[in-house]
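Student: Data: input.pdb, PDB, N, CA and C atoms.
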MODEL        1
ATOM      1  N   MET F   1     -16.790 -20.009  39.887
ATOM      2  CA  MET F   1     -16.828 -18.671  39.315
ATOM      3  C   MET F   1     -17.959 -18.625  38.296
ATOM      4  N   GLY F   2     -18.883 -17.703  38.454
ATOM      5  CA  GLY F   2     -20.017 -17.598  37.558
ATOM      6  C   GLY F   2     -19.644 -16.942  36.244
ATOM      7  N   GLN F   3     -20.559 -17.020  35.263
ATOM      8  CA  GLN F   3     -20.296 -16.467  33.949
ATOM      9  C   GLN F   3     -20.109 -14.955  34.005
ATOM     10  N   ALA F   4     -20.907 -14.261  34.802
ATOM     11  CA  ALA F   4     -20.792 -12.807  34.890
ATOM     12  C   ALA F   4     -19.437 -12.399  35.464
ATOM     13  N   SER F   5     -18.985 -13.081  36.505
ATOM     14  CA  SER F   5     -17.706 -12.715  37.101
ATOM     15  C   SER F   5     -16.542 -13.090  36.192
ATOM     16  N   ARG F   6     -16.679 -14.135  35.382
ATOM     17  CA  ARG F   6     -15.621 -14.511  34.454
ATOM     18  C   ARG F   6     -15.458 -13.428  33.392
ATOM     19  N   LYS F   7     -16.568 -12.919  32.869
ATOM     20  CA  LYS F   7     -16.496 -11.875  31.854
ATOM     21  C   LYS F   7     -15.936 -10.589  32.438
ATOM     22  N   GLU F   8     -16.284 -10.284  33.668
ATOM     23  CA  GLU F   8     -15.785  -9.077  34.293
ATOM     24  C   GLU F   8     -14.287  -9.145  34.514
ATOM     25  N   SER F   9     -13.755 -10.317  34.785
ATOM     26  CA  SER F   9     -12.327 -10.447  35.053
ATOM     27  C   SER F   9     -11.501 -10.435  33.774
ATOM     28  N   GLY F  10     -12.143 -10.422  32.619
ATOM     29  CA  GLY F  10     -11.419 -10.339  31.359
ATOM     30  C   GLY F  10     -11.085 -11.680  30.734
ATOM     31  N   LYS F  11     -11.442 -12.775  31.368
ATOM     32  CA  LYS F  11     -11.171 -14.093  30.800
ATOM     33  C   LYS F  11     -12.223 -14.419  29.750
ATOM     34  N   GLN F  12     -11.827 -15.232  28.778
ATOM     35  CA  GLN F  12     -12.742 -15.630  27.721
ATOM     36  C   GLN F  12     -12.942 -17.128  27.770
ATOM     37  N   ASP F  13     -14.140 -17.568  27.398
ATOM     38  CA  ASP F  13     -14.329 -19.000  27.318
ATOM     39  C   ASP F  13     -13.899 -19.489  25.931
ATOM     40  N   LYS F  14     -13.811 -20.801  25.762
ATOM     41  CA  LYS F  14     -13.287 -21.371  24.525
ATOM     42  C   LYS F  14     -14.172 -21.059  23.329
ATOM     43  N   GLY F  15     -15.467 -20.915  23.540
ATOM     44  CA  GLY F  15     -16.375 -20.600  22.443
ATOM     45  C   GLY F  15     -16.087 -19.238  21.833
ATOM     46  N   GLU F  16     -15.826 -18.246  22.672
ATOM     47  CA  GLU F  16     -15.504 -16.913  22.162
ATOM     48  C   GLU F  16     -14.205 -16.923  21.386
ATOM     49  N   LEU F  17     -13.207 -17.617  21.901
ATOM     50  CA  LEU F  17     -11.912 -17.673  21.238
ATOM     51  C   LEU F  17     -12.018 -18.396  19.899
ATOM     52  N   LYS F  18     -12.775 -19.478  19.839
ATOM     53  CA  LYS F  18     -12.945 -20.215  18.594
ATOM     54  C   LYS F  18     -13.675 -19.372  17.553
ATOM     55  N   MET F  19     -14.683 -18.613  17.987
ATOM     56  CA  MET F  19     -15.418 -17.761  17.055
ATOM     57  C   MET F  19     -14.510 -16.671  16.490
ATOM     58  N   ARG F  20     -13.619 -16.141  17.328
ATOM     59  CA  ARG F  20     -12.716 -15.103  16.854
ATOM     60  C   ARG F  20     -11.772 -15.648  15.786
ATOM     61  N   THR F  21     -11.224 -16.857  15.993
ATOM     62  CA  THR F  21     -10.332 -17.415  14.979
ATOM     63  C   THR F  21     -11.108 -17.805  13.718
ATOM     64  N   THR F  22     -12.363 -18.181  13.864
ATOM     65  CA  THR F  22     -13.188 -18.469  12.684
ATOM     66  C   THR F  22     -13.374 -17.212  11.849
ATOM     67  N   ARG F  23     -13.702 -16.092  12.498
ATOM     68  CA  ARG F  23     -13.842 -14.826  11.769
ATOM     69  C   ARG F  23     -12.520 -14.401  11.154
ATOM     70  N   LEU F  24     -11.429 -14.623  11.868
ATOM     71  CA  LEU F  24     -10.101 -14.289  11.361
ATOM     72  C   LEU F  24      -9.789 -15.115  10.113
ATOM     73  N   ARG F  25     -10.066 -16.416  10.141
ATOM     74  CA  ARG F  25      -9.831 -17.280   8.982
ATOM     75  C   ARG F  25     -10.651 -16.820   7.779
ATOM     76  N   GLN F  26     -11.920 -16.466   8.010
ATOM     77  CA  GLN F  26     -12.779 -15.998   6.920
ATOM     78  C   GLN F  26     -12.242 -14.703   6.321
ATOM     79  N   LYS F  27     -11.798 -13.782   7.172
ATOM     80  CA  LYS F  27     -11.264 -12.502   6.711
ATOM     81  C   LYS F  27     -10.003 -12.714   5.867
ATOM     82  N   ILE F  28      -9.118 -13.590   6.318
ATOM     83  CA  ILE F  28      -7.880 -13.876   5.594
ATOM     84  C   ILE F  28      -8.186 -14.511   4.239
ATOM     85  N   LYS F  29      -9.109 -15.466   4.217
ATOM     86  CA  LYS F  29      -9.434 -16.160   2.970
ATOM     87  C   LYS F  29     -10.061 -15.212   1.954
ATOM     88  N   LYS F  30     -10.931 -14.322   2.401
ATOM     89  CA  LYS F  30     -11.528 -13.348   1.479
ATOM     90  C   LYS F  30     -10.462 -12.412   0.923
ATOM     91  N   PHE F  31      -9.540 -11.966   1.784
ATOM     92  CA  PHE F  31      -8.457 -11.080   1.355
ATOM     93  C   PHE F  31      -7.564 -11.778   0.323
ATOM     94  N   LEU F  32      -7.191 -13.034   0.582
ATOM     95  CA  LEU F  32      -6.347 -13.766  -0.354
ATOM     96  C   LEU F  32      -7.094 -14.098  -1.643
ATOM     97  N   ASN F  33      -8.388 -14.283  -1.561
ATOM     98  CA  ASN F  33      -9.185 -14.539  -2.759
ATOM     99  C   ASN F  33      -9.142 -13.334  -3.695
ATOM    100  N   VAL F  34      -9.182 -12.134  -3.119
ATOM    101  CA  VAL F  34      -9.133 -10.910  -3.915
ATOM    102  C   VAL F  34      -7.712 -10.640  -4.417
ATOM    103  N   ARG F  35      -6.733 -10.759  -3.528
ATOM    104  CA  ARG F  35      -5.340 -10.411  -3.850
ATOM    105  C   ARG F  35      -4.597 -11.489  -4.623
ATOM    106  N   GLY F  36      -4.988 -12.733  -4.471
ATOM    107  CA  GLY F  36      -4.235 -13.817  -5.085
ATOM    108  C   GLY F  36      -3.192 -14.354  -4.127
ATOM    109  N   GLU F  37      -2.234 -13.499  -3.762
ATOM    110  CA  GLU F  37      -1.252 -13.862  -2.745
ATOM    111  C   GLU F  37      -0.806 -12.604  -2.025
ATOM    112  N   ALA F  38      -0.346 -12.789  -0.803
ATOM    113  CA  ALA F  38       0.099 -11.664   0.023
ATOM    114  C   ALA F  38       1.063 -12.190   1.068
ATOM    115  N   ASN F  39       1.958 -11.305   1.518
ATOM    116  CA  ASN F  39       2.881 -11.742   2.568
ATOM    117  C   ASN F  39       2.248 -11.535   3.939
ATOM    118  N   THR F  40       2.898 -12.068   4.950
ATOM    119  CA  THR F  40       2.348 -12.063   6.307
ATOM    120  C   THR F  40       2.085 -10.638   6.795
ATOM    121  N   THR F  41       2.984  -9.716   6.515
ATOM    122  CA  THR F  41       2.817  -8.333   6.959
ATOM    123  C   THR F  41       1.608  -7.678   6.316
ATOM    124  N   GLU F  42       1.405  -7.900   5.020
ATOM    125  CA  GLU F  42       0.246  -7.334   4.323
ATOM    126  C   GLU F  42      -1.057  -7.888   4.902
ATOM    127  N   ILE F  43      -1.073  -9.175   5.196
ATOM    128  CA  ILE F  43      -2.269  -9.789   5.777
ATOM    129  C   ILE F  43      -2.534  -9.211   7.162
ATOM    130  N   LEU F  44      -1.485  -9.082   7.976
ATOM    131  CA  LEU F  44      -1.630  -8.529   9.321
ATOM    132  C   LEU F  44      -2.166  -7.098   9.274
ATOM    133  N   GLU F  45      -1.634  -6.273   8.381
ATOM    134  CA  GLU F  45      -2.102  -4.892   8.257
ATOM    135  C   GLU F  45      -3.562  -4.844   7.825
ATOM    136  N   HIS F  46      -3.952  -5.717   6.886
ATOM    137  CA  HIS F  46      -5.345  -5.748   6.434
ATOM    138  C   HIS F  46      -6.286  -6.147   7.570
ATOM    139  N   VAL F  47      -5.930  -7.211   8.271
ATOM    140  CA  VAL F  47      -6.779  -7.705   9.359
ATOM    141  C   VAL F  47      -6.918  -6.649  10.450
ATOM    142  N   ASN F  48      -5.811  -6.041  10.844
ATOM    143  CA  ASN F  48      -5.854  -5.070  11.936
ATOM    144  C   ASN F  48      -6.521  -3.758  11.537
ATOM    145  N   SER F  49      -6.585  -3.459  10.243
ATOM    146  CA  SER F  49      -7.254  -2.230   9.826
ATOM    147  C   SER F  49      -8.742  -2.439   9.543
ATOM    148  N   THR F  50      -9.170  -3.691   9.380
ATOM    149  CA  THR F  50     -10.573  -3.932   9.030
ATOM    150  C   THR F  50     -11.369  -4.642  10.121
ATOM    151  N   MET F  51     -10.709  -5.235  11.101
ATOM    152  CA  MET F  51     -11.424  -5.894  12.194
ATOM    153  C   MET F  51     -11.326  -5.032  13.442
ATOM    154  N   ARG F  52     -12.363  -5.050  14.217
ATOM    155  CA  ARG F  52     -12.432  -4.189  15.398
ATOM    156  C   ARG F  52     -11.285  -4.440  16.381
ATOM    157  N   HIS F  53     -11.024  -5.705  16.683
ATOM    158  CA  HIS F  53      -9.987  -6.024  17.665
ATOM    159  C   HIS F  53      -8.689  -6.505  17.028
ATOM    160  N   GLY F  54      -8.705  -6.830  15.751
ATOM    161  CA  GLY F  54      -7.492  -7.254  15.075
ATOM    162  C   GLY F  54      -6.924  -8.542  15.637
ATOM    163  N   THR F  55      -5.619  -8.719  15.447
ATOM    164  CA  THR F  55      -4.948  -9.929  15.901
ATOM    165  C   THR F  55      -3.490  -9.625  16.175
ATOM    166  N   THR F  56      -2.798 -10.587  16.750
ATOM    167  CA  THR F  56      -1.372 -10.444  17.001
ATOM    168  C   THR F  56      -0.602 -11.170  15.899
ATOM    169  N   PRO F  57       0.647 -10.806  15.675
ATOM    170  CA  PRO F  57       1.443 -11.531  14.678
ATOM    171  C   PRO F  57       1.549 -13.031  14.994
ATOM    172  N   GLN F  58       1.637 -13.368  16.262
ATOM    173  CA  GLN F  58       1.748 -14.779  16.639
ATOM    174  C   GLN F  58       0.468 -15.545  16.309
ATOM    175  N   GLN F  59      -0.682 -14.977  16.649
ATOM    176  CA  GLN F  59      -1.946 -15.654  16.346
ATOM    177  C   GLN F  59      -2.139 -15.773  14.838
ATOM    178  N   LEU F  60      -1.791 -14.724  14.095
ATOM    179  CA  LEU F  60      -1.909 -14.764  12.643
ATOM    180  C   LEU F  60      -1.023 -15.868  12.069
ATOM    181  N   GLY F  61       0.206 -15.961  12.535
ATOM    182  CA  GLY F  61       1.111 -17.003  12.060
ATOM    183  C   GLY F  61       0.570 -18.392  12.327
ATOM    184  N   ASN F  62      -0.030 -18.592  13.496
ATOM    185  CA  ASN F  62      -0.627 -19.890  13.813
ATOM    186  C   ASN F  62      -1.768 -20.225  12.867
ATOM    187  N   VAL F  63      -2.646 -19.261  12.609
ATOM    188  CA  VAL F  63      -3.782 -19.498  11.715
ATOM    189  C   VAL F  63      -3.284 -19.796  10.301
ATOM    190  N   LEU F  64      -2.336 -18.998   9.812
ATOM    191  CA  LEU F  64      -1.835 -19.196   8.450
ATOM    192  C   LEU F  64      -1.164 -20.552   8.281
ATOM    193  N   SER F  65      -0.387 -20.957   9.256
ATOM    194  CA  SER F  65       0.364 -22.203   9.103
ATOM    195  C   SER F  65      -0.483 -23.458   9.329
ATOM    196  N   LYS F  66      -1.580 -23.339  10.069
ATOM    197  CA  LYS F  66      -2.366 -24.527  10.406
ATOM    198  C   LYS F  66      -3.622 -24.713   9.562
ATOM    199  N   ASP F  67      -4.033 -23.698   8.822
ATOM    200  CA  ASP F  67      -5.242 -23.819   7.998
ATOM    201  C   ASP F  67      -4.892 -24.548   6.701
ATOM    202  N   LYS F  68      -5.600 -25.646   6.421
ATOM    203  CA  LYS F  68      -5.279 -26.456   5.247
ATOM    204  C   LYS F  68      -5.634 -25.755   3.936
ATOM    205  N   ASP F  69      -6.467 -24.732   3.973
ATOM    206  CA  ASP F  69      -6.853 -24.010   2.758
ATOM    207  C   ASP F  69      -5.872 -22.893   2.386
ATOM    208  N   ILE F  70      -4.949 -22.571   3.281
ATOM    209  CA  ILE F  70      -3.991 -21.498   3.046
ATOM    210  C   ILE F  70      -2.616 -22.129   2.857
ATOM    211  N   LEU F  71      -1.979 -21.809   1.731
ATOM    212  CA  LEU F  71      -0.703 -22.419   1.385
ATOM    213  C   LEU F  71       0.421 -21.390   1.380
ATOM    214  N   LYS F  72       1.579 -21.784   1.898
ATOM    215  CA  LYS F  72       2.773 -20.946   1.812
ATOM    216  C   LYS F  72       3.406 -21.211   0.457
ATOM    217  N   VAL F  73       3.536 -20.167  -0.370
ATOM    218  CA  VAL F  73       4.052 -20.376  -1.720
ATOM    219  C   VAL F  73       5.523 -20.014  -1.844
ATOM    220  N   SER F  74       6.005 -19.084  -1.019
ATOM    221  CA  SER F  74       7.409 -18.696  -1.111
ATOM    222  C   SER F  74       7.776 -17.838   0.094
ATOM    223  N   THR F  75       9.017 -17.403   0.102
ATOM    224  CA  THR F  75       9.453 -16.416   1.079
ATOM    225  C   THR F  75      10.093 -15.274   0.314
ATOM    226  N   THR F  76      10.097 -14.118   0.924
ATOM    227  CA  THR F  76      10.720 -12.956   0.315
ATOM    228  C   THR F  76      11.566 -12.259   1.365
ATOM    229  N   LYS F  77      12.604 -11.591   0.936
ATOM    230  CA  LYS F  77      13.489 -10.888   1.868
ATOM    231  C   LYS F  77      12.951  -9.490   2.120
ATOM    232  N   ARG F  78      12.977  -9.094   3.383
ATOM    233  CA  ARG F  78      12.603  -7.732   3.776
ATOM    234  C   ARG F  78      13.793  -7.108   4.470
ATOM    235  N   GLY F  79      13.923  -5.811   4.361
ATOM    236  CA  GLY F  79      15.019  -5.122   5.024
ATOM    237  C   GLY F  79      14.492  -4.155   6.050
ATOM    238  N   GLY F  80      14.909  -4.318   7.283
ATOM    239  CA  GLY F  80      14.532  -3.403   8.344
ATOM    240  C   GLY F  80      15.700  -2.491   8.668
ATOM    241  N   ALA F  81      15.407  -1.267   9.086
ATOM    242  CA  ALA F  81      16.459  -0.299   9.392
ATOM    243  C   ALA F  81      17.322  -0.780  10.559
ATOM    244  N   LEU F  82      16.702  -1.326  11.577
ATOM    245  CA  LEU F  82      17.440  -1.754  12.757
ATOM    246  C   LEU F  82      17.715  -3.254  12.770
ATOM    247  N   SER F  83      16.817  -4.032  12.199
ATOM    248  CA  SER F  83      16.919  -5.491  12.326
ATOM    249  C   SER F  83      17.661  -6.155  11.176
ATOM    250  N   GLY F  84      18.084  -5.409  10.187
ATOM    251  CA  GLY F  84      18.755  -6.021   9.047
ATOM    252  C   GLY F  84      17.767  -6.677   8.105
ATOM    253  N   ARG F  85      18.232  -7.675   7.351
ATOM    254  CA  ARG F  85      17.360  -8.360   6.396
ATOM    255  C   ARG F  85      16.803  -9.639   7.015
ATOM    256  N   TYR F  86      15.541  -9.925   6.696
ATOM    257  CA  TYR F  86      14.898 -11.128   7.211
ATOM    258  C   TYR F  86      13.920 -11.641   6.176
ATOM    259  N   GLU F  87      13.546 -12.907   6.312
ATOM    260  CA  GLU F  87      12.609 -13.527   5.373
ATOM    261  C   GLU F  87      11.189 -13.427   5.904
ATOM    262  N   ILE F  88      10.253 -13.266   4.985
ATOM    263  CA  ILE F  88       8.840 -13.219   5.334
ATOM    264  C   ILE F  88       8.084 -14.123   4.366
ATOM    265  N   CYS F  89       7.091 -14.845   4.852
ATOM    266  CA  CYS F  89       6.359 -15.825   4.040
ATOM    267  C   CYS F  89       5.324 -15.156   3.153
ATOM    268  N   VAL F  90       5.096 -15.753   1.983
ATOM    269  CA  VAL F  90       4.052 -15.327   1.050
ATOM    270  C   VAL F  90       3.015 -16.440   1.006
ATOM    271  N   TRP F  91       1.731 -16.059   1.109
ATOM    272  CA  TRP F  91       0.632 -17.016   1.244
ATOM    273  C   TRP F  91      -0.369 -16.869   0.105
ATOM    274  N   THR F  92      -1.060 -17.956  -0.209
ATOM    275  CA  THR F  92      -2.149 -17.953  -1.185
ATOM    276  C   THR F  92      -3.189 -18.978  -0.757
ATOM    277  N   LEU F  93      -4.320 -18.978  -1.428
ATOM    278  CA  LEU F  93      -5.378 -19.961  -1.145
ATOM    279  C   LEU F  93      -5.182 -21.210  -1.989
ATOM    280  N   ARG F  94      -5.546 -22.336  -1.428
ATOM    281  CA  ARG F  94      -5.583 -23.578  -2.188
ATOM    282  C   ARG F  94      -6.628 -23.422  -3.295
ATOM    283  N   ALA F  95      -6.399 -23.990  -4.439
ATOM    284  CA  ALA F  95      -7.293 -23.833  -5.580
ATOM    285  C   ALA F  95      -8.718 -24.275  -5.242
ATOM    286  N   GLY F  96      -9.688 -23.456  -5.619
ATOM    287  CA  GLY F  96     -11.094 -23.787  -5.464
ATOM    288  C   GLY F  96     -11.686 -23.576  -4.091
ATOM    289  N   VAL F  97     -11.010 -22.860  -3.201
ATOM    290  CA  VAL F  97     -11.503 -22.720  -1.825
ATOM    291  C   VAL F  97     -12.739 -21.838  -1.760
ATOM    292  N   LEU F  98     -12.719 -20.645  -2.335
ATOM    293  CA  LEU F  98     -13.847 -19.715  -2.203
ATOM    294  C   LEU F  98     -14.688 -19.586  -3.468
ATOM    295  N   ASP F  99     -14.513 -20.496  -4.420
ATOM    296  CA  ASP F  99     -15.252 -20.368  -5.674
ATOM    297  C   ASP F  99     -16.765 -20.378  -5.472
ATOM    298  N   GLY F 100     -17.266 -21.195  -4.570
ATOM    299  CA  GLY F 100     -18.700 -21.294  -4.363
ATOM    300  C   GLY F 100     -19.258 -20.308  -3.371
ATOM    301  N   GLU F 101     -18.413 -19.547  -2.660
ATOM    302  CA  GLU F 101     -18.900 -18.682  -1.594
ATOM    303  C   GLU F 101     -19.264 -17.279  -2.067
ATOM    304  N   ASN F 102     -18.558 -16.749  -3.041
ATOM    305  CA  ASN F 102     -18.796 -15.361  -3.446
ATOM    306  C   ASN F 102     -19.752 -15.318  -4.529
TER     307      ASN F 102
ENDMDL
END
Output the file's structure as C-alpha cells, nothing else.

Tutor:
Amino acid sequence: MGQASRKESGKQDKGELKMRTTRLRQKIKKFLNVRGEANTTEILEHVNSTMRHGTTPQQLGNVLSKDKDILKVSTTKRGGALSGRYEICVWTLRAGVLDGEN
C-alpha cells in the first residue's frame, strides 16, 4: 500500500501520531504552567477548544498519567445529574519544568 493510498484510507503512520501527542503534551504543560493546577475535565475542555482536532478523554488520560513532568496532586468529587458522584484527578507540573521555556 503506497503512502498516497494510506492517507486516502484515513490511516495514520506512527510519525503523525507521535507528533500529535507531542503537541498535546506541550499544550497541556503550557496550560498547567499558567493555571498552576487543573482537573482532567478543565484540561480536556481547554485542549478541545484551542486545538483544531482536540483529543479524546482516553488519550488525554494516557498522556497525563504517563508524562513524567505532569503530577497527579489530588482527586476531587464531582456530581453528575445522571451518573451520581465520581472522583476526578487534579494535575500540576513538576517543579521547574517550563521555567526556561517561556

Student: With a distance cut-off of 12 Å and only C-alpha atoms, select the neighbouring residues of segment 34-46 of chain F, excluding the residue or stretch itself and same-chain residues fewer than 5 positions from it, and output the selection as a PyMOL selection string.

Tutor: chain F and resi 24-25+27-29+51-52+54-65+70-78+87-95+97-99+102

Student: If you measure from atom CA of Asn48 of chain F to atom CA of Thr21 of chain F, what distance in Å do you get, rounded to one decimal?

Tutor: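 Between atom CA of Asn48 of chain F and atom CA of Thr21 of chain F the gap is 13.5 Å.
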
Student: In Å, rounded to a single decimal, give me how far atom CA of Ser49 of chain F is from atom CA of Asp67 of chain F.

Tutor: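 Atom-to-atom, atom CA of Asp67 of chain F to atom CA of Ser49 of chain F, that is 21.8 Å.
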
Student: By how many Å are atom C of Lys68 of chain F and atom C of Arg85 of chain F apart?

Tutor: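 Value for the atom C of Lys68 of chain F-atom C of Arg85 of chain F distance: 27.8 Å.
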